[in-house]
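Just below is one structure, and these are the notes that go with it.
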Amino acid sequence: MASKDGAVLKVKDMCKNFGVTVALDHVNFELKAGEVRGLIGENGSGKSTVSSIAAGMQKATSGEMFYLGKPWAPSSALEAQQNGICMIVQEAGTIPGIPVADNIFLGHEKLFCKGPFVNHAKMVKAAQELLDDLGIEIDASVRTERLDLQQCKLVEIAKAMYWKPKILVVDETTTALSQVGRTLLYKLMRKMADEGGSVMFISHDLDEMMEHCDAVTVLRDGNIIGSLNKDEFDGNKMKEMMVGREVSGNYYRNDQDPCGEEVTLKAHCITTRKDLLCFDLELHKGEILGIGGLSECGMHTVGKALFGYEKILDGKVTVGQKNVVVKDPETAIANGMAYTSKDRDHESVGLAGSIRDNISSTGYKINRLFGPIISFRKEKKFVQDQINGLELKCASQYHGVNTLSGGNKQKVVFGKWIGADADVLILDCPTRGIDIGVKASMYQLFYKMKQEGRSIVLISEELPELIGMSDRILIMKDGQVVHEALRKDNPTEHDLINYMI
Ligand SMILES: Nc1ncnc2c1ncn2[C@@H]1O[C@H](COP(=O)(O)OP(=O)(O)OP(=O)(O)O)[C@@H](O)[C@H]1O
Ligand SMILES: [Mg+2]
């Protein structure tokens with residue numbers, strides 16, 4: 001039962017330190033019954049930390065919590081789940097190598113035990129019923145590594161919902177989902193709140209926040225800056241609270257600068273194992289080519305295939321004036337290409353390495369002294385330049401990438417390619433989980449690259465970003481380009497959505 005003032009969860013004077021890093025600095029926070037409360041703040045401001053402490057995933061350094069009027073200090077995520085606090089984490093929350101059903105009931109196998117044996121068929125049946133009830137079209141018996149990022153997130157949502165939580169934390173989940181998955185999640189959150197539950201919703205998309213939250217609380221550098229109720233929502237006000245200074249205006253480009261004639265990358269009728277059947281594409285010098293569509297449209301496969309990361313069964317991809325055939329990522333990199341994957345943790349960063357290991361991995365040629373010998377000094381500067389340029393929040397370049405907040409990990413991915421001076425960049429959802437301040441500087445950087453004659457394939461699920469940044473947009477459906485829109489024709493979101501569905 002919520003306490004008299006309607007609070008389900010109270011966080012009092014909470015601090016969390018990681019060595020010298022102060023992640024939470026005397027945070028006071030209340031979550032009411034029946035509300036969807038947004039948590040917003042720049043990368044590294046403490047959103048994931050405070051919510052994961054409430055969900056039993058880590059412990060505070062000091063401070064107290066009260067849940068349903070009683071002291072709350074969960075010793076594990078399992079304990080929190082069983083008591084009604086579930087969290088869909090920002091990072092990958094499923095384990096590959098085991099079936100979907102086993103992921104959903106991980107740690108709760110006892111529910112299906114007869115003596116020492118787990119009745120697996122019963123577990124799969126229960127998982128399938130749960131998925132079906134939620135309208136999630138996934139086979140509960142399939143092994144989880146066969147799912148894509150969006151499907152894994154949907155499994156995590158189902159896993160949380162099984163416990164009929166009183167509090168659901170949704171941490172930066174929507175950027176992993178397509179429109180269909182997002183709609184499903186929004187409906188679920190609203191239903192929960194209508195039935196008296198509470199949702200803590202974390203996202204960097206302020207429009208999404210204003211549409212789906214009843215109130216938002218703003219964090220900056222581990223401090224609560226304030227809260228706004230729905231009737232006080234104002235994008236500029238929110239941005240100002242987040243970054244501590246006035247931020248307004250449009251952060252997309254507003255030019256009509258032309259692109260070069262020269263073709264820098266070409267897909268010649270490529271066919272891949274899944275998604276693409278005789279797919280053609282031409283990217284020009286100085287062009288930002290946007291690709292959009294619904295999740296199953298094949299756009300993420302295009303990115304992988306262009307970089308030689310997805311096996312091409314028929315046709316070929318060629319790069320540069322000499323039409324070098326891109327047969328694998330090594331050839332791609334050697335010919336000035338870069339690629340950032342949407343699935344950051346599995347395909348773009350080495351989580352076990354340091355920030356320096358990751359960023360310097362592309363700077364081998366630039367930082368070479370002679371032969372295979374790397375200049376320590378040059379490499380340190382190369383890495384530090386990227387950290388400074390992207391305002392990457394970290395204690396030092398020697399710290400592990402796994403200690404960074406989600407958005408700062410994304411900056412590591414981006415930093416390693418900017419440093420490498422690539423001419424053709426394939427960016428799959430590059431601003432995923434990045435806060436508005438840095439997003440604005442990334443867009444400026446994309447434009448600067450265009451002016452320098454570099455070419456960008458921008459694959460994105462955010463239509464405003466595609467419209468705001470692209471010279472040309474390809475809308476895909478079922479592995480085919482169904483529409484091409486030019487910047488000069490000022491396409492609208494509405495126009496493009498009509499071709500996507
Ligand atoms: N395990 C860890 N070890 C060291 N530092 C950490 C660890 N986890 C988080 N931090 C630090 O704590 C601070 C807050 O991180 P947190 O993940 O809560 O940020 P966030 O607001 O969720 O950011 P984002 O929007 O990028 O996800 C950051 O400076 C981060 O680097
Ligand atoms: Mg986070």
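Simple scheme: letters A, B, ... for chains in structure tokens order, numbers from 1 for residues in each chain, numbers from 1 for ligands in the order shown.
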
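Excluding Val8 of chain A itself and any same-chain residue fewer than 4 positions from it, the protein and nucleic acid residues within 6 Å of it, counting only C-alpha atoms, are Ala2, Leu31, Lys32, Ala33, Tyr67 and Leu68 of chain A.
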
Could you take the residues named above and write them with N, CA and C atoms, as a PDB file, in the first residue's frame?
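Below is the file that was written, selection31.pdb:
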ATOM      1  N   ALA A   2       0.483   2.234  -0.799  1.00  0.00           N
ATOM      2  CA  ALA A   2       1.253   3.485  -0.835  1.00  0.00           C
ATOM      3  C   ALA A   2       1.083   4.211   0.495  1.00  0.00           C
ATOM      4  N   LEU A  31       8.305   8.530  -5.731  1.00  0.00           N
ATOM      5  CA  LEU A  31       7.529   8.007  -6.847  1.00  0.00           C
ATOM      6  C   LEU A  31       6.115   7.736  -6.326  1.00  0.00           C
ATOM      7  N   LYS A  32       5.113   8.275  -7.034  1.00  0.00           N
ATOM      8  CA  LYS A  32       3.734   8.132  -6.536  1.00  0.00           C
ATOM      9  C   LYS A  32       3.048   6.943  -7.184  1.00  0.00           C
ATOM     10  N   ALA A  33       1.990   6.474  -6.519  1.00  0.00           N
ATOM     11  CA  ALA A  33       1.184   5.392  -7.098  1.00  0.00           C
ATOM     12  C   ALA A  33       0.419   5.951  -8.287  1.00  0.00           C
ATOM     13  N   TYR A  67       9.738   1.640   0.744  1.00  0.00           N
ATOM     14  CA  TYR A  67       8.875   1.103  -0.311  1.00  0.00           C
ATOM     15  C   TYR A  67       7.570   0.686   0.349  1.00  0.00           C
ATOM     16  N   LEU A  68       6.471   1.188  -0.139  1.00  0.00           N
ATOM     17  CA  LEU A  68       5.147   0.925   0.445  1.00  0.00           C
ATOM     18  C   LEU A  68       5.156   1.219   1.942  1.00  0.00           C
TER      19      LEU A  68
END

How close does chain A get to ligand 1? List, as CSV, each residue of chain A within 7 Å, its nearest atom pair and the distance in Å to one decimal, counting only C-alpha atoms and all ligand atoms.
residue,atom,partner,partner_atom_place_in_ligand_line,distance
A:Phe18,CA,ligand 1,4 (C),4.8
A:Thr21,CA,ligand 1,29 (O),6.2
A:Val22,CA,ligand 1,12 (O),6.7
A:Ala23,CA,ligand 1,12 (O),4.1
A:Gly41,CA,ligand 1,21 (O),6.0
A:Glu42,CA,ligand 1,25 (O),5.7
A:Asn43,CA,ligand 1,26 (O),3.4
A:Gly44,CA,ligand 1,19 (O),3.3
A:Ser45,CA,ligand 1,21 (O),3.8
A:Gly46,CA,ligand 1,18 (O),3.2
A:Lys47,CA,ligand 1,21 (O),3.8
A:Ser48,CA,ligand 1,22 (O),3.7
A:Thr49,CA,ligand 1,18 (O),3.7
A:Val50,CA,ligand 1,18 (O),6.6
A:Gly222,CA,ligand 1,14 (C),7.0
A:Lys393,CA,ligand 1,29 (O),6.0
A:Cys394,CA,ligand 1,31 (O),5.7
A:Asn402,CA,ligand 1,1 (N),6.7
A:Thr403,CA,ligand 1,2 (C),3.9
A:Leu404,CA,ligand 1,31 (O),4.0
A:Ser405,CA,ligand 1,17 (O),3.7
A:Gly406,CA,ligand 1,27 (O),4.0
A:Gly407,CA,ligand 1,26 (O),3.4
A:Asn408,CA,ligand 1,26 (O),5.3
A:Gly433,CA,ligand 1,25 (O),6.1
A:Ile434,CA,ligand 1,25 (O),6.6
A:Asp435,CA,ligand 1,25 (O),6.5

File of the preceding selection, N, CA and C atoms, as a short mmCIF file (atom, residue, chain, number, x, y, z; two decimals), in the first residue's frame:
data_model
loop_
_atom_site.label_atom_id
_atom_site.label_comp_id
_atom_site.auth_asym_id
_atom_site.auth_seq_id
_atom_site.Cartn_x
_atom_site.Cartn_y
_atom_site.Cartn_z
N PHE A 18 31.58 5.73 -6.79
CA PHE A 18 32.40 4.68 -7.39
C PHE A 18 33.83 5.21 -7.32
N THR A 21 34.44 8.83 -8.27
CA THR A 21 33.27 9.34 -9.00
C THR A 21 32.07 9.40 -8.07
N VAL A 22 31.46 10.59 -7.99
CA VAL A 22 30.23 10.71 -7.19
C VAL A 22 29.06 10.57 -8.16
N ALA A 23 28.40 9.42 -8.14
CA ALA A 23 27.30 9.18 -9.09
C ALA A 23 25.99 9.77 -8.55
N GLY A 41 18.10 13.60 -17.74
CA GLY A 41 19.39 14.17 -17.33
C GLY A 41 20.43 13.77 -18.35
N GLU A 42 21.53 14.51 -18.36
CA GLU A 42 22.58 14.23 -19.33
C GLU A 42 23.21 12.87 -19.07
N ASN A 43 24.02 12.41 -20.01
CA ASN A 43 24.73 11.15 -19.83
C ASN A 43 25.58 11.22 -18.57
N GLY A 44 25.46 10.19 -17.73
CA GLY A 44 26.27 10.15 -16.52
C GLY A 44 25.69 10.95 -15.37
N SER A 45 24.42 11.39 -15.49
CA SER A 45 23.86 12.23 -14.42
C SER A 45 23.34 11.39 -13.25
N GLY A 46 23.22 10.07 -13.41
CA GLY A 46 22.85 9.22 -12.28
C GLY A 46 21.51 8.51 -12.41
N LYS A 47 20.87 8.59 -13.57
CA LYS A 47 19.53 8.01 -13.74
C LYS A 47 19.54 6.49 -13.53
N SER A 48 20.46 5.82 -14.23
CA SER A 48 20.51 4.35 -14.11
C SER A 48 20.93 3.95 -12.70
N THR A 49 21.83 4.74 -12.11
CA THR A 49 22.32 4.37 -10.77
C THR A 49 21.19 4.41 -9.75
N VAL A 50 20.45 5.50 -9.71
CA VAL A 50 19.40 5.60 -8.68
C VAL A 50 18.33 4.53 -8.90
N GLY A 222 24.39 13.93 -10.54
CA GLY A 222 24.05 13.21 -9.31
C GLY A 222 23.18 13.97 -8.35
N LYS A 393 32.34 11.57 -20.25
CA LYS A 393 32.46 11.70 -18.80
C LYS A 393 33.12 10.45 -18.22
N CYS A 394 34.39 10.57 -17.84
CA CYS A 394 35.09 9.40 -17.28
C CYS A 394 36.17 9.90 -16.33
N ASN A 402 33.21 -0.75 -19.19
CA ASN A 402 32.04 -1.24 -18.45
C ASN A 402 31.70 -0.40 -17.23
N THR A 403 32.55 0.60 -16.90
CA THR A 403 32.19 1.48 -15.78
C THR A 403 31.50 2.75 -16.27
N LEU A 404 31.31 2.88 -17.59
CA LEU A 404 30.72 4.12 -18.12
C LEU A 404 29.21 4.02 -18.18
N SER A 405 28.55 5.17 -18.14
CA SER A 405 27.11 5.19 -18.34
C SER A 405 26.85 4.87 -19.82
N GLY A 406 25.60 4.48 -20.12
CA GLY A 406 25.26 4.02 -21.47
C GLY A 406 25.65 5.01 -22.56
N GLY A 407 25.29 6.26 -22.37
CA GLY A 407 25.57 7.26 -23.39
C GLY A 407 27.07 7.49 -23.57
N ASN A 408 27.80 7.38 -22.48
CA ASN A 408 29.25 7.57 -22.59
C ASN A 408 29.92 6.41 -23.31
N GLY A 433 20.79 6.81 -27.12
CA GLY A 433 21.18 6.98 -25.71
C GLY A 433 22.08 8.17 -25.44
N ILE A 434 22.21 9.05 -26.42
CA ILE A 434 23.10 10.21 -26.25
C ILE A 434 22.26 11.41 -25.83
N ASP A 435 22.75 12.20 -24.87
CA ASP A 435 21.93 13.32 -24.39
C ASP A 435 21.90 14.47 -25.40
#

Using only C-alpha atoms and all ligand atoms: which of A:Lys316, A:Arg432, A:Lys450, A:Arg37 has the shortest distance to ligand 2: A:Arg432

Sel. of strand (DSSP E) residues, segment 7-211 of chain A, as a VMD selection string: chain A and resid 7 to 18 21 to 32 36 to 40 62 to 67 70 to 71 85 to 88 113 to 114 117 to 118 167 to 171 198 to 202

Residue neighbourhood Lys274 of chain A, 9 Å, only C-alpha atoms, exclusion window fewer than 5 positions, as a list in words: Gly298, Thr301 and Gly479 of chain A

Print the selection's residues with N, CA and C atoms to a file, as an mmCIF file, in the first residue's frame.
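Dumped to selection-v6.cif:
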data_model
loop_
_atom_site.group_PDB
_atom_site.id
_atom_site.type_symbol
_atom_site.label_atom_id
_atom_site.label_comp_id
_atom_site.auth_asym_id
_atom_site.auth_seq_id
_atom_site.Cartn_x
_atom_site.Cartn_y
_atom_site.Cartn_z
ATOM 1 N N GLY A 298 14.913 -4.358 -42.844
ATOM 2 C CA GLY A 298 16.211 -4.756 -43.399
ATOM 3 C C GLY A 298 17.267 -3.671 -43.343
ATOM 4 N N THR A 301 20.509 -4.612 -41.623
ATOM 5 C CA THR A 301 21.298 -5.554 -42.429
ATOM 6 C C THR A 301 22.054 -4.796 -43.519
ATOM 7 N N GLY A 479 12.927 -5.350 -47.077
ATOM 8 C CA GLY A 479 14.211 -5.485 -47.771
ATOM 9 C C GLY A 479 14.338 -4.680 -49.056
#

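The interatomic distance for the pair atom CA of Val424 of chain A and atom CA of Gln90 of chain A works out to 29.3 Å.
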
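Counting only C-alpha atoms and all ligand atoms, the residue from A:Cys152, A:Cys259, A:Leu39, A:Val383 that sits nearest to ligand 2 is A:Leu39.
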
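Between Gly290 of chain A and the residues A:Asp207, A:Glu330, A:Asp471, A:Asp13, the shortest atom-to-atom distance, using only C-alpha atoms, involves A:Asp471.
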
Who sits within 9 Å of segment 377-380 of chain A, only C-alpha atoms, same chain under 4 positions skipped, as a ChimeraX atom specification: /A:356,360,363-364,366-369,384-385,397

All helix (DSSP H, G or I) residues (DSSP, backbone) inside segment 60-226 of chain A, as JSON, numbers by chain: {"A": [77, 78, 79, 80, 81, 82, 100, 101, 102, 103, 104, 109, 110, 111, 112, 120, 121, 122, 123, 124, 125, 126, 127, 128, 129, 130, 131, 132, 133, 134, 144, 145, 146, 149, 150, 151, 152, 153, 154, 155, 156, 157, 158, 159, 160, 161, 162, 174, 175, 176, 179, 180, 181, 182, 183, 184, 185, 186, 187, 188, 189, 190, 191, 192, 193, 194, 206, 207, 208, 209, 210, 211, 212]}

Residues within 12 Å of Ile387 of chain A, only C-alpha atoms, excluding chain neighbours under 5 positions, as a VMD selection string: chain A and resid 355 to 356 358 to 360 380 to 382 392 to 398 408 to 416 418 to 419
